[in-house]
Amino acid sequence: MNATQWETLTDFTKWLGREGYCKVDETPKGWYIQYIDRDPETIRRQQEQEKKKKQDLDDEEKTAKFIEEQVRRGLEGKEQQVMPRAKSIAVTSPDMVFNLNKGASTSTAGSSKASSLFFLLQLEEGKKKSTRTDYWLQPEIVVKIVTKKLGEKYHKKKAVIKEVIDKYTAIVKLIDSGDKLKLDQTHLETVIPAPGKKVLVLNGNFRGSEATLEGISEKTFSATVVIESGPLKGRRVEGIPYEDISKLA
């Protein structure tokens, strides 16, 4: 440590930790040093990731409360309809409601309520497990080819997924040339259309739902959509990551 202000390497190591240049820890095998990257771009990405995680958690909490309220209302509605006329009622499927006075009935209102309640219960059960998957490919969505291994002819070209194989592989048809290719999902990325266009949710709590893109946030790399299908139709969802939606063909 000649020509420095530190007499030993240990003193220098401790100084790095005190000044916040490195993460320093003394272990049985010696000093452990981890450099702290203070590059503005790195810090910005870390902040965006933390904000995205918080948004995901907030959205899950909102969804849980919404489901709980819908289930409660559904159960209360069924009790009000059943109690005046019958001692008990059985629902064997989301599409069949039994009326003890008239036999089996498939009225639109009853079927719709039961289907919605069944869906919400299923969604709540699914939330107990992981709501995200490591695959996202879906037929009839527009994607962009990002691999350079196929040459400039196909790089950054847009295509429509025509078939999904084993969850992670897709047969795509290029929009401009009509060529068909078999590609892994790592060679593709989602396409975000202009606001007002239809998209498909590819991951998370609303996976498989069609939606309308309302707007995007370039700062958080996320979008706001309005669900257009299923029992949650009409619900506005904020903070959906770009990679979780793609333009419908």
# chains A, B, ... in the order shown; residues from 1 in each chain; ligands from 1

$ residues_around --residues "Leu200 (chain A)" --least-positions-apart "3" --cutoff "9 Å" --atoms "only C-alpha atoms" --output "ChimeraX atom specification"
/A:138,141,207-212,244-248

$ residues_around --residues "region 226-231 of chain A" --least-positions-apart "2" --cutoff "8 Å" --atoms "only C-alpha atoms" --output "PyMOL selection string"
chain A and resi 116+119-120+209-214+224+233-237

$ select_by_dssp --residues "region 123-203 of chain A" --states "alpha helix (DSSP H)" --output "PyMOL selection string"
chain A and resi 123-127

$ atom_distance --atom1 "CA of Asn203 (chain A)" --atom2 "CA of Thr220 (chain A)"
17.3 Å

$ residues_around --residues "Asp184 (chain A)" --least-positions-apart "5" --cutoff "8 Å" --atoms "only C-alpha atoms" --output "PyMOL selection string"
chain A and resi 168-170

$ write_last_selection --atoms "N, CA and C atoms" --output "compact mmCIF listing (two decimals), in the first residue's frame"
# COMPACT_ATOMS: atom_id res chain seq x y z
N TYR A 168 -43.45 -23.46 -26.08
CA TYR A 168 -42.30 -22.57 -26.24
C TYR A 168 -41.89 -22.35 -27.71
N THR A 169 -42.55 -23.01 -28.63
CA THR A 169 -42.19 -22.91 -30.05
C THR A 169 -43.42 -22.53 -30.86
N ALA A 170 -43.21 -21.73 -31.90
CA ALA A 170 -44.34 -21.28 -32.71
C ALA A 170 -44.04 -21.37 -34.19

$ atom_distance --atom1 "CA of Ser217 (chain A)" --atom2 "CA of Glu238 (chain A)"
9.8 Å

$ residues_around --residues "Lys149 (chain A)" --least-positions-apart "4" --cutoff "10 Å" --atoms "only C-alpha atoms" --output "list in words"
Tyr154, His155 and His187 of chain A

$ write_last_selection --atoms "N, CA, C and O atoms" --output "PDB file, in the first residue's frame"
ATOM      1  N   TYR A 154     -35.059 -11.561 -42.277  1.00  0.00           N
ATOM      2  CA  TYR A 154     -36.141 -11.777 -41.307  1.00  0.00           C
ATOM      3  C   TYR A 154     -35.988 -10.951 -40.023  1.00  0.00           C
ATOM      4  O   TYR A 154     -36.942 -10.865 -39.241  1.00  0.00           O
ATOM      5  N   HIS A 155     -34.819 -10.378 -39.803  1.00  0.00           N
ATOM      6  CA  HIS A 155     -34.589  -9.633 -38.554  1.00  0.00           C
ATOM      7  C   HIS A 155     -35.528  -8.431 -38.452  1.00  0.00           C
ATOM      8  O   HIS A 155     -35.656  -7.638 -39.373  1.00  0.00           O
ATOM      9  N   HIS A 187     -36.732 -16.027 -29.666  1.00  0.00           N
ATOM     10  CA  HIS A 187     -36.415 -15.343 -30.916  1.00  0.00           C
ATOM     11  C   HIS A 187     -37.506 -14.362 -31.319  1.00  0.00           C
ATOM     12  O   HIS A 187     -37.430 -13.758 -32.399  1.00  0.00           O
TER      13      HIS A 187
END

$ closest_residue --among "A:Asp166, A:Ile145, A:Leu9, A:Gly204" --to "Leu181 (chain A)" --atoms "only C-alpha atoms"
A:Ile145
